[in-house]
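Data block for data09.pdb (PDB, C-alpha atoms and all ligand atoms):
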```
ATOM      1  CA  MET A 849       7.061  18.644 -38.291  1.00  0.00           C
ATOM      2  CA  THR A 850       5.548  15.243 -37.589  1.00  0.00           C
ATOM      3  CA  ASN A 851       5.332  14.002 -34.004  1.00  0.00           C
ATOM      4  CA  ASP A 852       6.549  10.641 -35.324  1.00  0.00           C
ATOM      5  CA  VAL A 853      10.103  11.960 -34.938  1.00  0.00           C
ATOM      6  CA  PHE A 854       9.685  11.459 -31.190  1.00  0.00           C
ATOM      7  CA  ASN A 855       9.097   7.746 -31.746  1.00  0.00           C
ATOM      8  CA  THR A 856      12.793   7.489 -32.613  1.00  0.00           C
ATOM      9  CA  LEU A 857      13.816   8.396 -29.037  1.00  0.00           C
ATOM     10  CA  SER A 858      14.785   5.396 -26.886  1.00  0.00           C
ATOM     11  CA  TYR A 859      13.547   4.859 -23.326  1.00  0.00           C
ATOM     12  CA  GLY A 860      13.290   2.228 -20.623  1.00  0.00           C
ATOM     13  CA  MET A 861      10.353   1.189 -18.418  1.00  0.00           C
ATOM     14  CA  TYR A 862      10.363   1.983 -14.703  1.00  0.00           C
ATOM     15  CA  ALA A 863       8.073   1.752 -11.672  1.00  0.00           C
ATOM     16  CA  ILE A 864       8.319   4.825  -9.447  1.00  0.00           C
ATOM     17  CA  GLY A 865       7.540   4.032  -5.791  1.00  0.00           C
ATOM     18  CA  VAL A 866       6.165   6.826  -3.597  1.00  0.00           C
ATOM     19  CA  LYS A 867       4.549   7.422  -0.213  1.00  0.00           C
ATOM     20  CA  ASP A 868       2.350  10.066   1.341  1.00  0.00           C
ATOM     21  CA  ASP A 869       1.164  10.443   4.929  1.00  0.00           C
ATOM     22  CA  HIS A 870      -1.015   7.353   4.946  1.00  0.00           C
ATOM     23  CA  LYS A 871      -0.023   4.921   2.231  1.00  0.00           C
ATOM     24  CA  VAL A 872       2.409   3.756  -0.440  1.00  0.00           C
ATOM     25  CA  SER A 873       1.778   3.849  -4.172  1.00  0.00           C
ATOM     26  CA  ALA A 874       3.602   3.506  -7.487  1.00  0.00           C
ATOM     27  CA  CYS A 875       3.301   4.468 -11.136  1.00  0.00           C
ATOM     28  CA  ILE A 876       4.954   3.570 -14.435  1.00  0.00           C
ATOM     29  CA  VAL A 877       7.178   5.985 -16.367  1.00  0.00           C
ATOM     30  CA  ASN A 878       9.531   5.794 -19.313  1.00  0.00           C
ATOM     31  CA  THR A 879      11.323   9.013 -18.386  1.00  0.00           C
ATOM     32  CA  VAL A 880      14.178   8.101 -16.020  1.00  0.00           C
ATOM     33  CA  MET A 881      17.716   8.990 -17.057  1.00  0.00           C
ATOM     34  CA  GLN A 882      21.074   9.518 -15.365  1.00  0.00           C
ATOM     35  CA  VAL A 883      22.240  13.128 -15.677  1.00  0.00           C
ATOM     36  CA  ALA A 884      25.409  13.205 -13.479  1.00  0.00           C
ATOM     37  CA  ASN A 885      27.717  10.792 -11.636  1.00  0.00           C
ATOM     38  CA  THR A 886      29.530  12.656  -8.827  1.00  0.00           C
ATOM     39  CA  PRO A 887      27.173  12.378  -7.071  1.00  0.00           C
ATOM     40  CA  ASN A 888      24.797  10.115  -9.046  1.00  0.00           C
ATOM     41  CA  ILE A 889      21.856  12.263 -10.148  1.00  0.00           C
ATOM     42  CA  VAL A 890      18.861  10.983 -12.121  1.00  0.00           C
ATOM     43  CA  SER A 891      15.932  12.855 -13.620  1.00  0.00           C
ATOM     44  CA  VAL A 892      12.316  11.781 -13.956  1.00  0.00           C
ATOM     45  CA  SER A 893       9.532  13.667 -15.730  1.00  0.00           C
ATOM     46  CA  MET A 894       6.033  13.440 -14.268  1.00  0.00           C
ATOM     47  CA  ASN A 895       2.654  14.967 -15.129  1.00  0.00           C
ATOM     48  CA  HIS A 896       1.306  17.539 -12.636  1.00  0.00           C
ATOM     49  CA  LYS A 897      -1.973  15.575 -12.439  1.00  0.00           C
ATOM     50  CA  ASN A 898      -0.328  12.346 -11.245  1.00  0.00           C
ATOM     51  CA  TYR A 899      -0.845  11.338  -7.625  1.00  0.00           C
ATOM     52  CA  SER A 900       2.834  10.267  -7.574  1.00  0.00           C
ATOM     53  CA  HIS A 901       3.799  13.834  -8.512  1.00  0.00           C
ATOM     54  CA  GLU A 902       1.921  15.093  -5.454  1.00  0.00           C
ATOM     55  CA  CYS A 903       3.677  12.521  -3.217  1.00  0.00           C
ATOM     56  CA  ILE A 904       7.181  13.352  -4.509  1.00  0.00           C
ATOM     57  CA  ARG A 905       6.488  17.076  -4.055  1.00  0.00           C
ATOM     58  CA  LYS A 906       5.452  16.399  -0.466  1.00  0.00           C
ATOM     59  CA  THR A 907       8.178  13.942   0.617  1.00  0.00           C
ATOM     60  CA  GLY A 908      11.084  14.569  -1.794  1.00  0.00           C
ATOM     61  CA  LEU A 909      11.561  10.799  -1.976  1.00  0.00           C
ATOM     62  CA  PHE A 910      10.939   8.089  -4.574  1.00  0.00           C
ATOM     63  CA  THR A 911      12.305   4.728  -5.672  1.00  0.00           C
ATOM     64  CA  VAL A 912      13.012   3.549  -9.207  1.00  0.00           C
ATOM     65  CA  SER A 913      12.438  -0.154  -9.966  1.00  0.00           C
ATOM     66  CA  VAL A 914      13.865  -0.960 -13.399  1.00  0.00           C
ATOM     67  CA  LEU A 915      11.395  -3.308 -15.125  1.00  0.00           C
ATOM     68  CA  SER A 916      12.704  -6.304 -17.069  1.00  0.00           C
ATOM     69  CA  GLU A 917      11.382  -8.158 -20.116  1.00  0.00           C
ATOM     70  CA  ASP A 918      10.088 -10.733 -17.595  1.00  0.00           C
ATOM     71  CA  THR A 919       7.948  -8.157 -15.751  1.00  0.00           C
ATOM     72  CA  SER A 920       4.298  -8.986 -16.492  1.00  0.00           C
ATOM     73  CA  GLY A 921       2.193  -6.568 -18.542  1.00  0.00           C
ATOM     74  CA  ALA A 922      -0.391  -6.965 -15.759  1.00  0.00           C
ATOM     75  CA  VAL A 923       1.993  -5.113 -13.396  1.00  0.00           C
ATOM     76  CA  ILE A 924       2.269  -2.268 -15.913  1.00  0.00           C
ATOM     77  CA  GLY A 925      -1.531  -2.265 -16.256  1.00  0.00           C
ATOM     78  CA  ALA A 926      -2.081  -2.152 -12.489  1.00  0.00           C
ATOM     79  CA  LEU A 927       0.434   0.646 -11.878  1.00  0.00           C
ATOM     80  CA  GLY A 928       0.182   2.564 -15.141  1.00  0.00           C
ATOM     81  CA  PHE A 929      -3.478   2.933 -15.997  1.00  0.00           C
ATOM     82  CA  ASN A 930      -5.162   3.802 -12.686  1.00  0.00           C
ATOM     83  CA  SER A 931      -4.765   6.670 -10.251  1.00  0.00           C
ATOM     84  CA  GLY A 932      -3.257   5.935  -6.838  1.00  0.00           C
ATOM     85  CA  ARG A 933      -5.425   8.749  -5.452  1.00  0.00           C
ATOM     86  CA  ASP A 934      -8.515   6.541  -5.278  1.00  0.00           C
ATOM     87  CA  THR A 935      -7.221   2.976  -5.717  1.00  0.00           C
ATOM     88  CA  ASP A 936      -4.683   0.740  -3.996  1.00  0.00           C
ATOM     89  CA  LYS A 937      -2.551   0.160  -7.078  1.00  0.00           C
ATOM     90  CA  LEU A 938      -0.181  -2.156  -5.216  1.00  0.00           C
ATOM     91  CA  LYS A 939      -2.978  -4.488  -4.038  1.00  0.00           C
ATOM     92  CA  ASN A 940      -2.012  -7.312  -6.441  1.00  0.00           C
ATOM     93  CA  VAL A 941       1.650  -6.393  -6.906  1.00  0.00           C
ATOM     94  CA  ARG A 942       4.573  -7.843  -4.894  1.00  0.00           C
ATOM     95  CA  TYR A 943       6.685  -5.148  -3.232  1.00  0.00           C
ATOM     96  CA  ARG A 944       8.649  -4.326  -0.097  1.00  0.00           C
ATOM     97  CA  VAL A 945       8.806  -1.057   1.832  1.00  0.00           C
ATOM     98  CA  LEU A 946      12.238   0.473   2.563  1.00  0.00           C
ATOM     99  CA  ALA A 947      13.118   1.995   5.955  1.00  0.00           C
ATOM    100  CA  GLU A 948      12.390   5.417   4.385  1.00  0.00           C
ATOM    101  CA  GLY A 949       8.775   4.302   3.820  1.00  0.00           C
ATOM    102  CA  VAL A 950       8.814   4.116   0.019  1.00  0.00           C
ATOM    103  CA  PRO A 951       8.033   0.864  -1.842  1.00  0.00           C
ATOM    104  CA  VAL A 952      10.272  -1.129  -4.195  1.00  0.00           C
ATOM    105  CA  ILE A 953       8.547  -3.421  -6.717  1.00  0.00           C
ATOM    106  CA  LYS A 954       9.520  -7.126  -6.626  1.00  0.00           C
ATOM    107  CA  GLU A 955       7.978  -8.294  -9.939  1.00  0.00           C
ATOM    108  CA  ASN A 956      11.001  -9.663 -11.843  1.00  0.00           C
ATOM    109  CA  ILE A 957      12.750  -6.293 -11.889  1.00  0.00           C
ATOM    110  CA  CYS A 958      16.407  -5.760 -12.930  1.00  0.00           C
ATOM    111  CA  CYS A 959      17.434  -3.541 -10.009  1.00  0.00           C
ATOM    112  CA  TRP A 960      16.178  -0.650  -7.902  1.00  0.00           C
ATOM    113  CA  PHE A 961      17.471   2.594  -6.385  1.00  0.00           C
ATOM    114  CA  LEU A 962      16.296   5.152  -3.846  1.00  0.00           C
ATOM    115  CA  CYS A 963      16.284   8.836  -4.824  1.00  0.00           C
ATOM    116  CA  ARG A 964      16.140  12.071  -2.870  1.00  0.00           C
ATOM    117  CA  VAL A 965      15.006  15.147  -4.818  1.00  0.00           C
ATOM    118  CA  VAL A 966      17.558  17.976  -5.030  1.00  0.00           C
ATOM    119  CA  THR A 967      15.754  20.333  -7.411  1.00  0.00           C
ATOM    120  CA  SER A 968      13.078  20.400 -10.102  1.00  0.00           C
ATOM    121  CA  VAL A 969      12.240  22.112 -13.387  1.00  0.00           C
ATOM    122  CA  GLU A 970       8.706  23.029 -14.476  1.00  0.00           C
ATOM    123  CA  THR A 971       6.968  22.845 -17.844  1.00  0.00           C
ATOM    124  CA  ASP A 972       3.279  23.689 -18.395  1.00  0.00           C
ATOM    125  CA  THR A 973       2.240  20.064 -17.864  1.00  0.00           C
ATOM    126  CA  HIS A 974       5.186  18.174 -16.345  1.00  0.00           C
ATOM    127  CA  THR A 975       7.789  18.539 -13.599  1.00  0.00           C
ATOM    128  CA  VAL A 976      11.293  17.195 -14.151  1.00  0.00           C
ATOM    129  CA  PHE A 977      12.598  16.086 -10.760  1.00  0.00           C
ATOM    130  CA  LEU A 978      16.387  15.908 -10.358  1.00  0.00           C
ATOM    131  CA  ALA A 979      17.295  13.542  -7.549  1.00  0.00           C
ATOM    132  CA  GLU A 980      20.394  12.089  -5.921  1.00  0.00           C
ATOM    133  CA  VAL A 981      20.616   8.294  -5.761  1.00  0.00           C
ATOM    134  CA  VAL A 982      21.242   7.482  -2.103  1.00  0.00           C
ATOM    135  CA  ALA A 983      20.912   3.656  -2.062  1.00  0.00           C
ATOM    136  CA  GLY A 984      20.239   0.787  -4.445  1.00  0.00           C
ATOM    137  CA  SER A 985      20.789  -2.787  -5.656  1.00  0.00           C
ATOM    138  CA  GLU A 986      24.198  -4.452  -5.373  1.00  0.00           C
ATOM    139  CA  SER A 987      23.607  -6.522  -8.522  1.00  0.00           C
ATOM    140  CA  ILE A 988      21.589  -6.529 -11.764  1.00  0.00           C
ATOM    141  CA  LYS A 989      19.292  -9.348 -12.827  1.00  0.00           C
ATOM    142  CA  ARG A 990      17.520  -9.994 -16.145  1.00  0.00           C
ATOM    143  CA  LYS A 991      17.301  -7.866 -19.284  1.00  0.00           C
ATOM    144  CA  PRO A 992      15.831  -4.350 -18.919  1.00  0.00           C
ATOM    145  CA  MET A 993      12.542  -3.713 -20.706  1.00  0.00           C
ATOM    146  CA  THR A 994      12.910  -0.967 -23.296  1.00  0.00           C
ATOM    147  CA  TYR A 995      10.015   1.265 -24.317  1.00  0.00           C
ATOM    148  CA  ASP A 996      10.291  -0.250 -27.799  1.00  0.00           C
ATOM    149  CA  TYR A 997       9.903  -3.780 -26.345  1.00  0.00           C
ATOM    150  CA  TYR A 998       6.837  -2.589 -24.422  1.00  0.00           C
ATOM    151  CA  HIS A 999       5.209  -1.320 -27.634  1.00  0.00           C
ATOM    152  CA  ARG A1000       6.378  -4.073 -29.997  1.00  0.00           C
ATOM    153  CA  VAL A1001       6.135  -7.223 -27.875  1.00  0.00           C
ATOM    154  CA  ILE A1002       3.680  -6.405 -25.083  1.00  0.00           C
ATOM    155  CA  LYS A1003       1.649  -4.193 -27.479  1.00  0.00           C
ATOM    156  CA  GLY A1004       1.430  -1.525 -24.792  1.00  0.00           C
ATOM    157  CA  ARG A1005       0.561   2.115 -25.322  1.00  0.00           C
ATOM    158  CA  ALA A1006       1.201   5.423 -23.523  1.00  0.00           C
ATOM    159  CA  PRO A1007      -1.499   6.609 -21.095  1.00  0.00           C
ATOM    160  CA  LYS A1008      -2.822  10.170 -21.490  1.00  0.00           C
ATOM    161  CA  ASN A1009      -0.571  11.719 -18.828  1.00  0.00           C
ATOM    162  CA  ALA A1010       2.655  10.359 -20.342  1.00  0.00           C
ATOM    163  CA  PRO A1011       4.832  12.939 -22.133  1.00  0.00           C
ATOM    164  CA  THR A1012       5.008  10.538 -25.093  1.00  0.00           C
ATOM    165  CA  TYR A1013       1.200  10.202 -25.434  1.00  0.00           C
ATOM    166  CA  GLN A1014      -0.155  10.760 -28.942  1.00  0.00           C
ATOM    167  CA  GLU A1015      -3.770  10.762 -30.143  1.00  0.00           C
ATOM    168  CA  GLN A1016      -4.762   7.399 -31.641  1.00  0.00           C
ATOM    169  CA  PRO A1017      -6.043   7.394 -35.260  1.00  0.00           C
ATOM    170  CA  PRO A1018      -9.852   7.024 -35.564  1.00  0.00           C
ATOM    171  CA  VAL A1019     -11.077   3.434 -35.928  1.00  0.00           C
ATOM    172  CA  SER A1020     -12.045   4.015 -39.590  1.00  0.00           C
ATOM    173  CA  GLU A1021      -8.380   4.482 -40.447  1.00  0.00           C
ATOM    174  CA  THR A1022      -7.294   1.189 -38.876  1.00  0.00           C
ATOM    175  CA  THR A1023      -7.848  -2.268 -40.331  1.00  0.00           C
ATOM    176  CA  GLY A1024     -10.284  -4.744 -38.813  1.00  0.00           C
ATOM    177  CA  GLU A1025     -12.561  -4.249 -35.864  1.00  0.00           C
ATOM    178  CA  SER A1026     -11.302  -2.748 -32.614  1.00  0.00           C
ATOM    179  CA  TRP A1027     -12.100  -3.962 -29.104  1.00  0.00           C
ATOM    180  CA  VAL A1028     -11.158  -1.874 -26.079  1.00  0.00           C
ATOM    181  CA  CYS A1029     -10.216  -3.099 -22.606  1.00  0.00           C
ATOM    182  CA  THR A1030     -12.530  -1.278 -20.188  1.00  0.00           C
ATOM    183  CA  ILE A1031      -9.920  -1.628 -17.432  1.00  0.00           C
ATOM    184  CA  CYS A1032      -6.784  -0.159 -19.023  1.00  0.00           C
ATOM    185  CA  GLY A1033      -7.868   1.107 -22.455  1.00  0.00           C
ATOM    186  CA  TYR A1034      -5.728  -1.335 -24.452  1.00  0.00           C
ATOM    187  CA  VAL A1035      -7.076  -1.632 -28.002  1.00  0.00           C
ATOM    188  CA  TYR A1036      -7.143  -5.062 -29.674  1.00  0.00           C
ATOM    189  CA  ASN A1037      -7.074  -4.649 -33.441  1.00  0.00           C
ATOM    190  CA  ASP A1038      -5.495  -7.621 -35.212  1.00  0.00           C
ATOM    191  CA  PRO A1039      -6.739  -7.972 -38.834  1.00  0.00           C
ATOM    192  CA  TYR A1040      -5.612 -11.638 -38.934  1.00  0.00           C
ATOM    193  CA  VAL A1041      -7.213 -12.882 -35.712  1.00  0.00           C
ATOM    194  CA  PRO A1042     -10.711 -11.456 -35.048  1.00  0.00           C
ATOM    195  CA  PHE A1043     -11.412 -10.813 -31.383  1.00  0.00           C
ATOM    196  CA  GLU A1044     -14.218 -13.424 -31.356  1.00  0.00           C
ATOM    197  CA  GLU A1045     -11.749 -16.126 -32.379  1.00  0.00           C
ATOM    198  CA  LEU A1046      -9.406 -15.538 -29.438  1.00  0.00           C
ATOM    199  CA  PRO A1047      -9.577 -18.406 -26.891  1.00  0.00           C
ATOM    200  CA  ASP A1048     -11.887 -17.931 -23.894  1.00  0.00           C
ATOM    201  CA  ASP A1049      -8.931 -17.842 -21.507  1.00  0.00           C
ATOM    202  CA  TRP A1050      -7.187 -15.043 -23.447  1.00  0.00           C
ATOM    203  CA  VAL A1051      -6.491 -12.019 -21.240  1.00  0.00           C
ATOM    204  CA  CYS A1052      -5.582  -8.376 -21.840  1.00  0.00           C
ATOM    205  CA  PRO A1053      -1.798  -8.293 -22.393  1.00  0.00           C
ATOM    206  CA  ILE A1054      -1.522  -5.081 -20.368  1.00  0.00           C
ATOM    207  CA  CYS A1055      -3.734  -5.480 -17.306  1.00  0.00           C
ATOM    208  CA  GLY A1056      -4.690  -9.158 -17.353  1.00  0.00           C
ATOM    209  CA  ALA A1057      -8.448  -8.478 -17.619  1.00  0.00           C
ATOM    210  CA  PRO A1058     -10.539 -11.322 -19.173  1.00  0.00           C
ATOM    211  CA  LYS A1059     -12.155 -11.164 -22.657  1.00  0.00           C
ATOM    212  CA  THR A1060     -15.467 -10.229 -21.030  1.00  0.00           C
ATOM    213  CA  ALA A1061     -13.951  -6.877 -19.942  1.00  0.00           C
ATOM    214  CA  PHE A1062     -13.598  -5.826 -23.606  1.00  0.00           C
ATOM    215  CA  ARG A1063     -16.145  -3.708 -25.502  1.00  0.00           C
ATOM    216  CA  ARG A1064     -16.423  -3.248 -29.252  1.00  0.00           C
ATOM    217  CA  GLN A1065     -15.195   0.215 -30.262  1.00  0.00           C
ATOM    218  CA  GLN A1066     -17.930   2.213 -32.012  1.00  0.00           C
TER     219      GLN A1066
HETATM  220 FE    FE B1101      -6.438  -4.123 -19.963  1.00  0.00          FE
END
```

As structure tokens, how would this structure be written, given the file I've shared?
Ligand code: FE
Amino acid sequence: MTNDVFNTLSYGMYAIGVKDDHKVSACIVNTVMQVANTPNIVSVSMNHKNYSHECIRKTGLFTVSVLSEDTSGAVIGALGFNSGRDTDKLKNVRYRVLAEGVPVIKENICCWFLCRVVTSVETDTHTVFLAEVVAGSESIKRKPMTYDYYHRVIKGRAPKNAPTYQEQPPVSETTGESWVCTICGYVYNDPYVPFEELPDDWVCPICGAPKTAFRRQQ
């Protein structure tokens, strides 16, 4: 079987807000889905290595902010490609903290909801948390960002801890020369527009890093 079959599965893009004893943090997932409606239960799959996983285990609480097509790729870069264990991922991201202490992202999202974990299921690498939705938005704004939109329009990719991560083909099998963002790992490889010909004010579409943060892939 080819792993490409999994590329036919549809997903959305979500920021998961968490807290631990001392601080708030957030990460990006594509794995939120509603699994029941009386009461409203959602599931989210998260890698055991993620700092957010540790926080949810500890507190049993998280928020879901549904990203929209207007949410900047820089927000996804800041929350999706660093670890909250050693960095303040929310430093340059607008958010508010709910009374329960967990953050909700305010970067052009569609809506948000607060979840309390009721049970979980383990795999070798990921935990699937099942959680009851206990509060949330009264209205929906904007168009939700799908995982397909993230790949096709923003040119994003899945980080290593995502369940949908797949090994990238070696550079020799791609066309043109590849340049890698040293901040988020985004690979620029457009055979029609060489990296050198991009304008000086061009920035990484994922994390917003300048051209100078890119290195030629060997
Ligand atoms: Fe980047």

Mind dumping a table of every chain A residue within 12 Å of ligand FE 1101 (chain B), with the nearest atom pair and its distance in Å to one decimal, using all atoms listed in the file, sorted by chain and rising number, as a Markdown table?
```
| residue | atom | partner | partner_atom | distance |
| --- | --- | --- | --- | --- |
| A:Gly921 | CA | B:FE1101 | FE | 9.1 |
| A:Ala922 | CA | B:FE1101 | FE | 7.9 |
| A:Val923 | CA | B:FE1101 | FE | 10.7 |
| A:Ile924 | CA | B:FE1101 | FE | 9.8 |
| A:Gly925 | CA | B:FE1101 | FE | 6.4 |
| A:Ala926 | CA | B:FE1101 | FE | 8.9 |
| A:Leu927 | CA | B:FE1101 | FE | 11.6 |
| A:Gly928 | CA | B:FE1101 | FE | 10.6 |
| A:Phe929 | CA | B:FE1101 | FE | 8.6 |
| A:Asn930 | CA | B:FE1101 | FE | 10.8 |
| A:Ile1002 | CA | B:FE1101 | FE | 11.6 |
| A:Lys1003 | CA | B:FE1101 | FE | 11.0 |
| A:Gly1004 | CA | B:FE1101 | FE | 9.6 |
| A:Arg1005 | CA | B:FE1101 | FE | 10.8 |
| A:Pro1007 | CA | B:FE1101 | FE | 11.9 |
| A:Trp1027 | CA | B:FE1101 | FE | 10.8 |
| A:Val1028 | CA | B:FE1101 | FE | 8.0 |
| A:Cys1029 | CA | B:FE1101 | FE | 4.7 |
| A:Thr1030 | CA | B:FE1101 | FE | 6.7 |
| A:Ile1031 | CA | B:FE1101 | FE | 5.0 |
| A:Cys1032 | CA | B:FE1101 | FE | 4.1 |
| A:Gly1033 | CA | B:FE1101 | FE | 6.0 |
| A:Tyr1034 | CA | B:FE1101 | FE | 5.3 |
| A:Val1035 | CA | B:FE1101 | FE | 8.4 |
| A:Tyr1036 | CA | B:FE1101 | FE | 9.8 |
| A:Trp1050 | CA | B:FE1101 | FE | 11.5 |
| A:Val1051 | CA | B:FE1101 | FE | 8.0 |
| A:Cys1052 | CA | B:FE1101 | FE | 4.7 |
| A:Pro1053 | CA | B:FE1101 | FE | 6.7 |
| A:Ile1054 | CA | B:FE1101 | FE | 5.0 |
| A:Cys1055 | CA | B:FE1101 | FE | 4.0 |
| A:Gly1056 | CA | B:FE1101 | FE | 5.9 |
| A:Ala1057 | CA | B:FE1101 | FE | 5.3 |
| A:Pro1058 | CA | B:FE1101 | FE | 8.3 |
| A:Lys1059 | CA | B:FE1101 | FE | 9.5 |
| A:Thr1060 | CA | B:FE1101 | FE | 11.0 |
| A:Ala1061 | CA | B:FE1101 | FE | 8.0 |
| A:Phe1062 | CA | B:FE1101 | FE | 8.2 |
| A:Arg1063 | CA | B:FE1101 | FE | 11.2 |
```

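Selection result for the displayed file, with the PyMOL selection byres (((chain A and resi 1042) around 12) and not hetatm) as criterion, is Thr1023, Gly1024, Glu1025, Ser1026, Trp1027, Tyr1036, Asn1037, Asp1038, Pro1039, Tyr1040, Val1041, Phe1043, Glu1044, Glu1045, Leu1046, Pro1047 and Arg1064 of chain A.
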
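For A:Val966, the list of residues within 10 Å, based on all atoms listed in the file and with local chain neighbours fewer than 4 positions off taken out, reads Ile889, Gly908, Leu909, Phe977, Leu978, Ala979 and Glu980 of chain A.
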
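Here atom CA of A:Val981 stands at a distance of 27.7 Å from atom CA of A:Tyr1013.
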
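When the distance limit is 9 Å and all atoms listed in the file are what count, the residues near A:Leu946, minus those fewer than 5 positions from it on the same chain, are Pro951, Val952 and Leu962 of chain A.
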
Task: Exercise: A:Lys937 partners within 9 Å, only C-alpha atoms, chain neighbours under 2 positions left out, as a list in words - done: Ser873, Ala874, Cys875, Ala926, Leu927, Gly928, Asn930, Ser931, Gly932, Asp934, Thr935, Lys939, Asn940 and Val941 of chain A

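Each of A:Asn885, A:Asn851, A:Thr911, A:Ser893 was checked against A:Ala983 using only C-alpha atoms; the smallest atom-to-atom distance is that of A:Thr911.
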
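Evaluating the PyMOL selection byres (((chain A and resi 953) around 10) and not hetatm) against the shown model yields A:Tyr862, A:Ala863, A:Ile864, A:Gly865, A:Ala874, A:Thr911, A:Val912, A:Ser913, A:Val914, A:Leu915, A:Val923, A:Leu938, A:Val941, A:Arg942, A:Tyr943, A:Arg944, A:Val945, A:Pro951, A:Val952, A:Lys954, A:Glu955, A:Asn956, A:Ile957, A:Cys959, A:Trp960.
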
If we count all atoms listed in the file and set the cut-off at 10 Å, which residues sit around A:Thr994, ignoring sequence neighbours fewer than 6 positions away in its own chain? Please answer as a PDB file with C-alpha atoms, in the frame of the given file.
```
ATOM      1  CA  SER A 858      14.785   5.396 -26.886  1.00  0.00           C
ATOM      2  CA  TYR A 859      13.547   4.859 -23.326  1.00  0.00           C
ATOM      3  CA  GLY A 860      13.290   2.228 -20.623  1.00  0.00           C
ATOM      4  CA  MET A 861      10.353   1.189 -18.418  1.00  0.00           C
ATOM      5  CA  TYR A 862      10.363   1.983 -14.703  1.00  0.00           C
ATOM      6  CA  ASN A 878       9.531   5.794 -19.313  1.00  0.00           C
ATOM      7  CA  VAL A 914      13.865  -0.960 -13.399  1.00  0.00           C
ATOM      8  CA  LEU A 915      11.395  -3.308 -15.125  1.00  0.00           C
ATOM      9  CA  SER A 916      12.704  -6.304 -17.069  1.00  0.00           C
ATOM     10  CA  GLU A 917      11.382  -8.158 -20.116  1.00  0.00           C
ATOM     11  CA  ARG A1000       6.378  -4.073 -29.997  1.00  0.00           C
TER      12      ARG A1000
END
```

All residues 10 Å or closer to A:Lys1008, only C-alpha atoms, same chain fewer than 6 positions away omitted, as an mmCIF file with C-alpha atoms, in the frame of the given file:
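Saved file result-v1.cif follows:
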```cif
data_model
loop_
_atom_site.group_PDB
_atom_site.id
_atom_site.type_symbol
_atom_site.label_atom_id
_atom_site.label_comp_id
_atom_site.auth_asym_id
_atom_site.auth_seq_id
_atom_site.Cartn_x
_atom_site.Cartn_y
_atom_site.Cartn_z
ATOM 1 C CA ASN A 895 2.654 14.967 -15.129
ATOM 2 C CA PHE A 929 -3.478 2.933 -15.997
ATOM 3 C CA GLN A 1014 -0.155 10.760 -28.942
ATOM 4 C CA GLU A 1015 -3.770 10.762 -30.143
#
```
